[in-house]
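**Student:** For reference, this is input_38.cif, and it has mmCIF, C-alpha atoms.
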data_structure
loop_
_atom_site.label_atom_id
_atom_site.label_comp_id
_atom_site.auth_asym_id
_atom_site.auth_seq_id
_atom_site.Cartn_x
_atom_site.Cartn_y
_atom_site.Cartn_z
CA MET A 1330 0.00 0.00 0.00
CA PHE A 1331 1.18 3.49 -0.80
CA THR A 1332 2.46 5.28 2.26
CA VAL A 1333 3.65 8.77 2.90
CA ALA A 1334 6.89 7.45 4.29
CA ALA A 1335 7.69 5.37 1.25
CA HIS A 1336 6.65 7.99 -1.25
CA ALA A 1337 8.31 10.97 0.34
CA GLY A 1338 11.46 9.14 1.32
CA ILE A 1339 10.92 10.20 4.89
CA TRP A 1340 11.99 7.92 7.67
CA ARG A 1341 10.36 7.76 11.02
CA ILE A 1342 12.34 9.25 13.84
CA GLY A 1343 11.48 7.58 17.09
CA PRO A 1344 8.37 5.63 17.94
CA PRO A 1345 4.97 6.75 16.74
CA VAL A 1346 3.11 8.87 19.23
CA ARG A 1347 -0.35 7.59 18.56
CA THR A 1348 -2.07 5.57 15.91
CA ILE A 1349 -4.69 7.65 14.21
CA ALA A 1350 -6.49 5.06 12.12
CA PRO A 1351 -9.16 3.88 12.06
CA MET A 1352 -10.85 7.24 12.42
CA GLY A 1353 -13.26 7.01 9.55
CA ASN A 1354 -15.95 4.53 8.66
CA GLY A 1355 -14.88 1.62 6.51
CA PRO A 1356 -11.61 1.04 4.75
CA THR A 1357 -10.42 3.98 2.67
CA ARG A 1358 -6.97 5.08 1.64
CA ALA A 1359 -7.75 8.61 2.72
CA GLN A 1360 -7.47 9.38 6.40
CA PRO A 1361 -9.16 12.35 8.01
CA LEU A 1362 -7.48 14.52 10.60
CA MET A 1363 -8.87 17.58 12.34
CA LEU A 1364 -7.06 19.81 14.77
CA ILE A 1365 -8.58 22.79 16.59
CA THR A 1366 -5.86 24.85 18.20
CA PRO A 1367 -6.21 27.90 20.46
CA VAL A 1368 -3.99 30.81 19.47
CA ARG A 1369 -3.08 34.17 20.94
CA ARG A 1370 -5.33 36.97 19.79
CA LEU A 1371 -2.50 38.94 18.19
CA TRP A 1372 -1.51 35.82 16.29
CA ALA A 1373 -4.99 35.69 14.78
CA VAL A 1374 -4.39 39.17 13.40
CA TRP A 1375 -1.19 37.93 11.76
CA LEU A 1376 -3.02 34.95 10.24
CA ARG A 1377 -5.75 37.19 8.87
CA LEU A 1378 -3.09 39.31 7.19
CA SER A 1379 -0.84 36.52 5.93
CA TRP A 1380 -3.35 33.97 4.64
CA PRO A 1381 -4.83 35.98 1.73
CA PRO A 1382 -1.51 36.46 -0.09
CA ALA A 1383 -0.51 32.88 0.66
CA GLU A 1384 -3.78 31.70 -0.87
CA HIS A 1385 -4.29 34.11 -3.73
CA VAL A 1386 -1.14 36.03 -4.69
CA TRP A 1387 1.43 34.57 -7.04
CA PRO A 1388 4.30 33.87 -6.35
CA VAL A 1389 3.63 33.66 -2.59
CA ARG A 1390 0.97 31.06 -3.27
CA THR A 1391 3.32 28.94 -5.37
CA ILE A 1392 6.21 29.17 -2.95
CA THR A 1393 4.12 28.15 0.05
CA LYS A 1394 2.12 25.38 -1.61
CA ARG A 1395 4.47 23.76 -4.10
CA PRO A 1396 6.44 21.61 -1.63
CA LEU A 1397 3.23 20.03 -0.36
CA ASP A 1398 1.69 19.64 -3.82
CA ARG A 1399 4.80 17.77 -4.94
CA LEU A 1400 4.41 15.15 -2.22
CA ARG A 1401 1.11 14.00 -3.72
CA PHE A 1402 -0.40 12.59 -0.56
CA ILE A 1403 -2.82 15.33 0.48
CA HIS A 1404 -6.33 15.12 -0.97
CA PHE A 1405 -7.49 18.31 0.67
CA ALA A 1406 -6.19 20.43 3.54
CA HIS A 1407 -7.95 23.50 4.89
CA TRP A 1408 -7.05 26.04 7.52
CA GLY A 1409 -9.57 28.47 8.91
CA LEU A 1410 -9.87 30.81 11.87
CA LEU A 1411 -12.71 30.37 14.32
CA THR A 1412 -13.26 33.51 16.37
CA ARG A 1413 -17.02 33.62 16.87
CA MET A 1414 -19.85 31.20 17.46
CA PRO A 1415 -21.71 31.00 15.11
CA PRO A 1416 -18.74 31.76 12.86
CA ARG A 1417 -20.55 34.63 11.13
CA GLY A 1418 -22.02 37.26 13.35
CA GLY A 1419 -21.99 35.22 16.56
CA ARG A 1420 -20.56 36.05 19.96
CA ARG A 1421 -16.83 36.39 20.27
CA LEU A 1422 -15.01 33.36 21.68
CA PRO A 1423 -12.59 33.82 24.59
CA ARG A 1424 -9.74 33.20 22.17
CA PRO A 1425 -9.35 32.45 18.46
CA TYR A 1426 -8.82 28.92 17.12
CA ILE A 1427 -7.07 27.59 14.05
CA VAL A 1428 -9.26 24.88 12.55
CA PHE A 1429 -7.12 22.54 10.46
CA GLN A 1430 -8.77 19.76 8.51
CA THR A 1431 -7.07 17.41 6.14
CA ASN A 1432 -7.51 14.13 4.29
CA PHE A 1433 -4.31 12.33 3.39
CA ASN A 1434 -2.83 8.97 2.43
CA GLY A 1435 -0.50 7.00 4.58
CA ASP A 1436 0.94 7.21 8.04
CA ALA A 1437 -0.03 10.14 10.25
CA ASN A 1438 3.43 10.44 11.82
CA ALA A 1439 5.08 10.59 8.41
CA TYR A 1440 2.51 13.18 7.38
CA ILE A 1441 3.46 15.40 10.30
CA ASP A 1442 7.16 14.82 9.66
CA ALA A 1443 6.71 15.84 6.04
CA PHE A 1444 5.32 19.22 7.09
CA ALA A 1445 8.13 19.67 9.59
CA ILE A 1446 10.85 18.77 7.11
CA LEU A 1447 9.52 20.42 3.98
CA ILE A 1448 7.88 23.59 5.25
CA PRO A 1449 9.23 24.26 8.76
CA SER A 1450 9.14 28.01 8.28
CA ARG A 1451 5.58 27.85 6.98
CA MET A 1452 4.62 25.78 10.03
CA ARG A 1453 6.04 28.49 12.24
CA LEU A 1454 4.14 31.12 10.31
CA LEU A 1455 0.97 29.11 10.91
CA TYR A 1456 1.40 27.92 14.48
CA GLN A 1457 4.09 29.91 16.30
CA GLY A 1458 1.39 31.85 18.12
CA ALA A 1459 -0.54 28.73 19.10
CA PHE A 1460 -0.59 27.65 22.72
CA GLY A 1461 1.66 24.66 23.25
CA PHE A 1462 3.22 24.62 19.77
CA PRO A 1463 6.66 23.01 20.22
CA GLY A 1464 8.07 24.15 16.86
CA PRO A 1465 8.79 21.95 13.87
CA ARG A 1466 12.29 20.77 14.82
CA ARG A 1467 11.45 18.34 17.63
CA ARG A 1468 9.40 15.62 15.97
CA GLY A 1469 8.20 13.81 19.09
CA PRO A 1470 6.67 16.88 20.75
CA LEU A 1471 5.30 18.01 17.39
CA ARG A 1472 3.56 14.67 16.87
CA ARG A 1473 2.14 14.84 20.37
CA PHE A 1474 0.96 18.39 19.70
CA VAL A 1475 -0.85 17.35 16.52
CA LEU A 1476 -2.13 13.88 17.33
CA GLY A 1477 -2.78 14.59 20.99
CA GLY A 1478 -4.99 17.49 19.97
CA ALA A 1479 -6.68 15.74 17.05
CA GLU A 1480 -10.44 15.53 17.28
CA PRO A 1481 -12.22 12.20 16.85
CA GLU A 1482 -13.90 11.53 13.53
CA PRO A 1483 -17.17 9.71 14.06
CA HIS A 1484 -18.15 9.62 10.40
CA PHE A 1485 -16.06 9.90 7.24
CA TYR A 1486 -16.91 9.37 3.59
CA CYS A 1487 -14.65 9.16 0.55
CA ALA A 1488 -16.10 8.86 -2.95
CA TYR A 1489 -13.03 6.95 -4.18
CA PRO A 1490 -11.97 4.83 -1.20
CA ASP A 1491 -9.44 2.75 -3.14
CA ALA A 1492 -7.62 5.70 -4.65
CA SER A 1493 -4.59 7.54 -3.37
CA VAL A 1494 -3.79 11.11 -4.37
CA LYS A 1495 -0.93 9.80 -6.48
CA MET A 1496 -3.32 7.49 -8.35
CA ILE A 1497 -5.72 10.37 -8.99
CA LEU A 1498 -3.06 12.76 -10.25
CA SER A 1499 -1.54 9.99 -12.36
CA GLY A 1500 -4.95 9.15 -13.78
CA LEU A 1501 -5.54 12.77 -14.72
CA ALA A 1502 -2.13 12.91 -16.39
CA VAL A 1503 -2.59 9.75 -18.47
CA GLU A 1504 -6.11 10.75 -19.43
CA GLU A 1505 -4.73 13.96 -20.90
CA ALA A 1506 -2.13 11.97 -22.82
CA LEU A 1507 -4.71 9.47 -24.04
CA GLU A 1508 -6.24 11.85 -26.58
CA GLU A 1509 -2.88 12.32 -28.26
CA LEU A 1510 -2.47 8.55 -28.46
CA ARG A 1511 -5.91 8.24 -30.01
CA ARG A 1512 -5.02 10.75 -32.71
CA ALA A 1513 -1.81 8.87 -33.47
CA ALA A 1514 -3.65 5.54 -33.65
CA ARG A 1515 -6.30 6.92 -36.00
CA ALA A 1516 -3.65 8.37 -38.29
CA GLY A 1517 -3.11 4.84 -39.56
CA ASN A 1518 0.64 4.33 -39.30
CA ASP A 1519 1.53 1.29 -37.16
CA ALA A 1520 5.20 2.15 -36.74
CA ALA A 1521 4.51 5.79 -35.88
CA PHE A 1522 1.94 4.72 -33.30
CA ALA A 1523 4.35 2.21 -31.78
CA THR A 1524 6.91 5.00 -31.40
CA ARG A 1525 4.30 7.25 -29.81
CA TRP A 1526 3.28 4.46 -27.44
CA SER A 1527 6.90 3.93 -26.39
CA ARG A 1528 7.26 7.63 -25.65
CA PHE A 1529 4.06 7.51 -23.64
CA LEU A 1530 5.43 4.64 -21.55
CA VAL A 1531 8.69 6.47 -20.92
CA LYS A 1532 6.85 9.57 -19.77
CA HIS A 1533 3.94 7.96 -17.94
CA GLY A 1534 5.17 4.49 -17.00
CA ASN A 1535 5.23 5.45 -13.35
CA ASP A 1536 1.70 6.76 -13.61
CA LEU A 1537 0.27 3.40 -14.61
CA MET B 228 -17.02 23.86 -12.03
CA ARG B 229 -15.93 25.64 -8.88
CA HIS B 230 -14.91 23.40 -5.99
CA VAL B 231 -16.82 23.99 -2.77
CA ALA B 232 -15.01 23.53 0.51
CA LEU B 233 -17.74 23.77 3.11
CA THR B 234 -17.10 23.68 6.85
CA LEU B 235 -20.05 24.11 9.19
CA VAL B 236 -19.55 24.64 12.91
CA ALA B 237 -22.68 24.72 15.07
CA PRO B 238 -23.38 24.33 18.79
CA VAL B 239 -25.29 21.19 19.67
CA ARG B 240 -28.34 21.51 21.93
CA PRO B 241 -27.35 20.10 25.34
CA ASP B 242 -30.32 17.75 25.37
CA ALA B 243 -29.42 16.42 21.91
CA ARG B 244 -25.73 15.58 22.48
CA GLU B 245 -26.22 11.96 23.42
CA GLY B 246 -28.77 11.23 20.73
CA LEU B 247 -26.60 12.88 18.11
CA GLN B 248 -23.61 10.76 18.99
CA ALA B 249 -25.72 7.61 18.86
CA ALA B 250 -27.09 8.66 15.47
CA LEU B 251 -23.58 9.31 14.14
CA ASP B 252 -22.33 5.98 15.44
CA ALA B 253 -25.20 4.24 13.71
CA LEU B 254 -24.61 5.82 10.30
CA PRO B 255 -23.75 3.28 7.62
CA SER B 256 -20.39 3.66 5.95
CA GLY B 257 -19.31 3.72 2.30
CA PRO B 258 -21.94 4.13 -0.40
CA ALA B 259 -24.72 3.79 2.17
CA SER B 260 -23.49 6.86 4.08
CA PRO B 261 -25.89 9.79 3.95
CA LEU B 262 -22.96 11.85 2.73
CA ALA B 263 -22.87 9.70 -0.40
CA GLY B 264 -26.18 11.28 -1.38
CA ILE B 265 -24.57 14.68 -1.85
CA PRO B 266 -23.89 14.99 -5.58
CA GLY B 267 -20.27 15.63 -6.46
CA LEU B 268 -18.99 15.02 -2.95
CA HIS B 269 -15.33 13.96 -2.96
CA LEU B 270 -14.75 13.68 0.77
CA GLY B 271 -16.86 14.54 3.76
CA ARG B 272 -16.97 14.14 7.49
CA ILE B 273 -19.25 14.77 10.41
CA ALA B 274 -17.77 15.07 13.86
CA VAL B 275 -18.89 16.08 17.31
CA VAL B 276 -16.34 18.13 19.21
CA ASP B 277 -17.14 17.97 22.90
CA ALA B 278 -15.43 21.22 23.82
CA LEU B 279 -12.98 23.77 22.54
CA ARG B 280 -9.77 23.70 24.59
CA GLY B 281 -7.99 26.44 26.45
CA PRO B 282 -4.25 27.21 26.48
CA GLN B 283 -3.46 24.32 28.83
CA GLY B 284 -5.75 21.88 27.04
CA GLU B 285 -8.56 22.39 29.50
CA PRO B 286 -12.14 22.31 28.17
CA MET B 287 -13.58 25.78 27.76
CA PRO B 288 -16.85 26.06 29.63
CA GLY B 289 -19.79 27.09 27.54
CA VAL B 290 -18.17 26.38 24.18
CA GLY B 291 -19.37 23.02 23.01
CA PRO B 292 -20.38 20.47 22.16
CA LEU B 293 -20.11 21.44 18.52
CA LEU B 294 -21.16 19.64 15.39
CA MET B 295 -18.62 20.03 12.60
CA VAL B 296 -19.49 19.11 9.04
CA SER B 297 -16.81 19.35 6.42
CA LEU B 298 -17.41 18.74 2.72
CA ASP B 299 -15.22 18.95 -0.37
CA ALA B 300 -17.63 18.86 -3.26
CA ASP B 301 -18.29 20.04 -6.78
CA GLY B 302 -20.29 23.23 -6.67
CA PRO B 303 -22.38 25.23 -6.68
CA LEU B 304 -22.75 25.90 -2.97
CA ASP B 305 -26.54 26.16 -3.13
CA ALA B 306 -26.80 22.65 -4.56
CA VAL B 307 -24.46 21.29 -1.87
CA LEU B 308 -26.52 22.92 0.88
CA ALA B 309 -29.77 21.64 -0.60
CA ALA B 310 -28.40 18.09 -0.71
CA LEU B 311 -26.99 18.42 2.79
CA ALA B 312 -30.46 19.39 4.04
CA ILE B 313 -32.00 16.35 2.40
CA HIS B 314 -29.44 13.77 3.43
CA CYS B 315 -28.09 15.06 6.75
CA GLY B 316 -30.83 17.45 7.84
CA GLU B 317 -32.01 15.30 10.71
CA LEU B 318 -28.50 15.25 12.20
CA LEU B 319 -28.17 19.00 11.88
CA ARG B 320 -31.45 19.52 13.69
CA ALA B 321 -29.58 18.58 16.85
CA CYS B 322 -27.90 21.99 16.56
CA GLU B 323 -29.13 25.14 18.23
CA GLY B 324 -31.38 27.19 15.99
CA CYS B 325 -31.32 24.81 13.04
CA PRO B 326 -34.56 25.30 11.12
CA ASP B 327 -36.57 22.55 9.49
CA PRO B 328 -34.33 21.29 6.67
CA ALA B 329 -37.42 21.06 4.49
CA ASP B 330 -37.51 24.86 4.60
CA GLY B 331 -34.76 25.28 2.04
CA PRO B 332 -34.15 29.04 2.22
CA SER B 333 -34.16 29.11 6.03
CA PHE B 334 -31.84 26.13 6.23
CA ALA B 335 -29.45 27.64 3.67
CA ALA B 336 -29.37 30.94 5.60
CA TRP B 337 -28.67 29.08 8.85
CA ALA B 338 -25.93 27.02 7.22
CA ARG B 339 -24.28 30.08 5.72
CA ALA B 340 -24.22 31.77 9.14
CA HIS B 341 -22.48 28.71 10.56
CA ARG B 342 -19.97 28.39 7.74
CA LEU B 343 -16.34 28.71 8.67
CA LYS B 344 -14.44 30.28 5.83
CA ASP B 345 -11.35 28.38 4.70
CA ARG B 346 -8.40 30.75 4.49
CA TRP B 347 -5.50 28.62 3.31
CA THR B 348 -5.88 25.42 1.36
CA ILE B 349 -3.99 22.59 -0.31
CA MET B 350 -6.18 21.08 -3.01
CA PRO B 351 -4.08 19.45 -5.74
CA TYR B 352 -7.01 18.39 -7.92
CA ALA B 353 -9.74 20.76 -6.81
CA GLY B 354 -10.34 21.89 -10.38
CA ARG B 355 -11.56 18.41 -11.31
CA THR B 356 -15.10 17.22 -10.75
CA LEU B 357 -15.95 13.90 -9.16
CA PRO B 358 -16.91 12.32 -12.52
CA GLU B 359 -13.59 13.52 -13.96
CA VAL B 360 -11.65 11.99 -11.08
CA ARG B 361 -13.49 8.70 -11.37
CA SER B 362 -12.99 8.65 -15.14
CA ALA B 363 -9.26 9.33 -14.69
CA LEU B 364 -8.95 6.47 -12.22
CA ARG B 365 -10.69 4.09 -14.63
CA THR B 366 -8.52 5.24 -17.53
CA ARG B 367 -5.37 4.72 -15.50
CA GLU B 368 -6.43 1.22 -14.58
CA ARG B 369 -7.40 0.32 -18.14
CA LEU B 370 -4.21 1.74 -19.62
CA GLY B 371 -2.12 -0.08 -17.03
CA ALA B 372 -3.75 -3.39 -17.89
CA PHE B 373 -3.41 -2.65 -21.60
CA ALA B 374 0.30 -1.85 -21.27
CA GLY B 375 0.89 -5.18 -19.60
CA ALA B 376 -1.11 -7.07 -22.20
CA VAL B 377 0.65 -5.58 -25.24
CA ALA B 378 4.17 -5.63 -23.88
CA ASP B 379 5.35 -8.01 -26.62
CA ALA B 380 2.95 -7.04 -29.38
CA ASP B 381 4.16 -6.02 -32.86
CA PRO B 382 3.27 -2.49 -34.06
CA ALA B 383 0.26 -3.55 -36.11
CA THR B 384 -1.25 -5.59 -33.28
CA LEU B 385 -0.46 -2.83 -30.79
CA ARG B 386 -2.30 -0.22 -32.82
CA ALA B 387 -5.24 -2.50 -33.61
CA ARG B 388 -5.73 -3.45 -29.98
CA PHE B 389 -5.38 0.15 -28.85
CA LEU B 390 -8.09 1.26 -31.27
CA GLU B 391 -10.24 -1.63 -30.15
CA GLN B 392 -10.03 -0.60 -26.49
CA PHE B 393 -9.53 3.15 -26.60
CA GLY B 394 -10.60 4.20 -30.10
CA ASP B 395 -13.93 5.63 -28.98
CA ALA B 396 -13.48 8.96 -27.30
#
Now, as a test, write the supplied structure out as structure tokens.
**Tutor:**
Amino acid sequence: MFTVAAHAGIWRIGPPVRTIAPMGNGPTRAQPLMLITPVRRLWAVWLRLSWPPAEHVWPVRTITKRPLDRLRFIHFAHWGLLTRMPPRGGRRLPRPYIVFQTNFNGDANAYIDAFAILIPSRMRLLYQGAFGFPGPRRRGPLRRFVLGGAEPEPHFYCAYPDASVKMILSGLAVEEALEELRRAARAGNDAAFATRWSRFLVKHGNDL
Amino acid sequence: MRHVALTLVAPVRPDAREGLQAALDALPSGPASPLAGIPGLHLGRIAVVDALRGPQGEPMPGVGPLLMVSLDADGPLDAVLAALAIHCGELLRACEGCPDPADGPSFAAWARAHRLKDRWTIMPYAGRTLPEVRSALRTRERLGAFAGAVADADPATLRARFLEQFGDA
């Protein structure tokens, strides 16, 4: 089975802190994780200012997201700031909370390690103002911070339970290439198609 | 089609906490999940958070329990909310102030007021709809099997078999 550790070339450091699966219902490759973290009020101001460019402005967006996109194990990850209840127009909470939700493939410890190794500065920019955040360098405390604070997941649904992110992105890539193969096949030259097929395998062999 | 990342956070009525948990525990998984009825839903979850925590990890009095619903779906948002009302409305009625899900406009207004805006996201294939993702997965599987089957085929056979299996767009 595809794992974060194997795919990212990341080795575990020390024993796992806590096993997170099975959190969802039924066997799926995607695992859900949700973390609700209290932060200092001034830190919430920083997040409000820093998130829009990180989400919408090139090249900040590219720089902050590319390392995680390249790993190909995150289906979706969302960060939001909960300051009121209800979230829109409700009463102000005693302190703000970062709400982090993600669905990923593989081992939860390796997932956390990947963030710490690949985007340590981004982690600091997200969580330095959170209560109890140990920083990205010390993996054991970081895992305890994340998994110890993770909320239970009573019900989880995935529309493609057998698929990993890598399989999905590979499928999208080969589907794009398929049309070109079709055109070559319809052109009627066996040798030319065989050459095109060989090129396809060289480029997309790992996607199949 | 625009991807909808919907997170709802709503306080649960104190008298409904136990019943809600029992209802969640009893939900069927996989294709029988009520979430499966939401068209274009990629991934979804429903969780009860007993309490928000303070700086030392202590439960914050008066904040919780909360029902959290999180959906990554093909849009538009109105269609997602309408389907959520139909398939998960009874669960959401355990929340304070949740109107009758059959009252579409009132339910949508309530849901929007309880929506937590996502500020930073990682969504590597968010531009692709659920049918596109499923089609891509099928294509990958078929092409993988085809590649194995024609490994030793001569060019004429290779092309003929490709057209046979993939010739129709």
**Student:** Given the point (-16.7, 12.7, 9.2) in the file's coordinates, find the residues that have an atom at most 8 Å from it, counting only C-alpha atoms, and give them as a PDB file with C-alpha atoms, in the frame of the given file.
**Tutor:**
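Below you can see point_38.pdb, which holds the result:
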ATOM      1  CA  GLY A1353     -13.260   7.010   9.550  1.00  0.00           C
ATOM      2  CA  PRO A1361      -9.160  12.350   8.010  1.00  0.00           C
ATOM      3  CA  GLU A1482     -13.900  11.530  13.530  1.00  0.00           C
ATOM      4  CA  PRO A1483     -17.170   9.710  14.060  1.00  0.00           C
ATOM      5  CA  HIS A1484     -18.150   9.620  10.400  1.00  0.00           C
ATOM      6  CA  PHE A1485     -16.060   9.900   7.240  1.00  0.00           C
ATOM      7  CA  TYR A1486     -16.910   9.370   3.590  1.00  0.00           C
TER       8      TYR A1486
ATOM      9  CA  GLY B 271     -16.860  14.540   3.760  1.00  0.00           C
ATOM     10  CA  ARG B 272     -16.970  14.140   7.490  1.00  0.00           C
ATOM     11  CA  ILE B 273     -19.250  14.770  10.410  1.00  0.00           C
ATOM     12  CA  ALA B 274     -17.770  15.070  13.860  1.00  0.00           C
ATOM     13  CA  VAL B 296     -19.490  19.110   9.040  1.00  0.00           C
ATOM     14  CA  SER B 297     -16.810  19.350   6.420  1.00  0.00           C
TER      15      SER B 297
END
**Student:** Please check the contacts: residues of chain A at most 7 Å away from chain B, using all atoms listed in the file, listed as a PyMOL selection string.
**Tutor:** chain A and resi 1354-1355+1367+1380-1381+1384+1394+1398+1404-1409+1411+1415-1417+1460+1480-1488+1496-1497+1500-1501+1503-1504+1511+1514+1519-1520+1522-1523+1537
**Student:** Print the selection's residues with C-alpha atoms to a file, as an mmCIF file, keeping the file's coordinate frame.
**Tutor:**
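That gives us selection.cif:
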data_model
loop_
_atom_site.group_PDB
_atom_site.id
_atom_site.type_symbol
_atom_site.label_atom_id
_atom_site.label_comp_id
_atom_site.auth_asym_id
_atom_site.auth_seq_id
_atom_site.Cartn_x
_atom_site.Cartn_y
_atom_site.Cartn_z
ATOM 1 C CA ASN A 1354 -15.950 4.530 8.660
ATOM 2 C CA GLY A 1355 -14.880 1.620 6.510
ATOM 3 C CA PRO A 1367 -6.210 27.900 20.460
ATOM 4 C CA TRP A 1380 -3.350 33.970 4.640
ATOM 5 C CA PRO A 1381 -4.830 35.980 1.730
ATOM 6 C CA GLU A 1384 -3.780 31.700 -0.870
ATOM 7 C CA LYS A 1394 2.120 25.380 -1.610
ATOM 8 C CA ASP A 1398 1.690 19.640 -3.820
ATOM 9 C CA HIS A 1404 -6.330 15.120 -0.970
ATOM 10 C CA PHE A 1405 -7.490 18.310 0.670
ATOM 11 C CA ALA A 1406 -6.190 20.430 3.540
ATOM 12 C CA HIS A 1407 -7.950 23.500 4.890
ATOM 13 C CA TRP A 1408 -7.050 26.040 7.520
ATOM 14 C CA GLY A 1409 -9.570 28.470 8.910
ATOM 15 C CA LEU A 1411 -12.710 30.370 14.320
ATOM 16 C CA PRO A 1415 -21.710 31.000 15.110
ATOM 17 C CA PRO A 1416 -18.740 31.760 12.860
ATOM 18 C CA ARG A 1417 -20.550 34.630 11.130
ATOM 19 C CA PHE A 1460 -0.590 27.650 22.720
ATOM 20 C CA GLU A 1480 -10.440 15.530 17.280
ATOM 21 C CA PRO A 1481 -12.220 12.200 16.850
ATOM 22 C CA GLU A 1482 -13.900 11.530 13.530
ATOM 23 C CA PRO A 1483 -17.170 9.710 14.060
ATOM 24 C CA HIS A 1484 -18.150 9.620 10.400
ATOM 25 C CA PHE A 1485 -16.060 9.900 7.240
ATOM 26 C CA TYR A 1486 -16.910 9.370 3.590
ATOM 27 C CA CYS A 1487 -14.650 9.160 0.550
ATOM 28 C CA ALA A 1488 -16.100 8.860 -2.950
ATOM 29 C CA MET A 1496 -3.320 7.490 -8.350
ATOM 30 C CA ILE A 1497 -5.720 10.370 -8.990
ATOM 31 C CA GLY A 1500 -4.950 9.150 -13.780
ATOM 32 C CA LEU A 1501 -5.540 12.770 -14.720
ATOM 33 C CA VAL A 1503 -2.590 9.750 -18.470
ATOM 34 C CA GLU A 1504 -6.110 10.750 -19.430
ATOM 35 C CA ARG A 1511 -5.910 8.240 -30.010
ATOM 36 C CA ALA A 1514 -3.650 5.540 -33.650
ATOM 37 C CA ASP A 1519 1.530 1.290 -37.160
ATOM 38 C CA ALA A 1520 5.200 2.150 -36.740
ATOM 39 C CA PHE A 1522 1.940 4.720 -33.300
ATOM 40 C CA ALA A 1523 4.350 2.210 -31.780
ATOM 41 C CA LEU A 1537 0.270 3.400 -14.610
#
**Student:** For the structure shown, which residues end up in the PyMOL selection byres ((chain B and resi 301) around 6)? Put them as a PyMOL selection string, please?
**Tutor:** chain B and resi 230-231+267+300+302+356
**Student:** Just to confirm, what's the straight-line distance from atom CA of Trp1372 of chain A to atom CA of Ile1427 of chain A in Å (one decimal)?
**Tutor:** 10.2 Å
**Student:** How many Å separate atom CA of Gln1360 of chain A from atom CA of Gly1435 of chain A?
**Tutor:**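 Atom CA of Gly1435 of chain A lies 7.6 Å from atom CA of Gln1360 of chain A.
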**Student:** How many Å lie between atom CA of Gly324 of chain B and atom CA of Leu294 of chain B, rounded to one decimal?
**Tutor:** 12.7 Å
**Student:** Could you tell me which of B:Arg229, B:Gly246, B:Phe334, B:Gly264 comes closest to Leu304 of chain B if we count all atoms listed in the file?
**Tutor:** B:Arg229
**Student:** For Ala1439 of chain A, which residue out of A:Leu1400, A:Gly1418, A:Asn1518, A:Thr1357 is the nearest one, using only C-alpha atoms?
**Tutor:**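 Under the stated criterion, the closest residue is A:Leu1400.
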**Student:** Point out the residue among A:Arg1515, A:His1385, A:Arg1451, A:Arg1420 with the least atom-to-atom distance to Glu391 of chain B, counting all atoms listed in the file.
**Tutor:**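 Using all atoms listed in the file, Glu391 of chain B sits closest to A:Arg1515.
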**Student:** Taking 4 positions as the minimum chain separation for residues in the same chain, which residues sit within 7 Å of Lys1495 of chain A when counting all atoms listed in the file? Answer as a ChimeraX atom specification.
**Tutor:** /A:1401-1402,1499
**Student:** Write the selection just made, keeping C-alpha atoms, as a JSON list (two decimals), keeping the file's coordinate frame?
**Tutor:**
[["chain", "number", "residue", "atom", "x", "y", "z"],
["A", 1401, "ARG", "CA", 1.11, 14.00, -3.72],
["A", 1402, "PHE", "CA", -0.40, 12.59, -0.56],
["A", 1499, "SER", "CA", -1.54, 9.99, -12.36]]
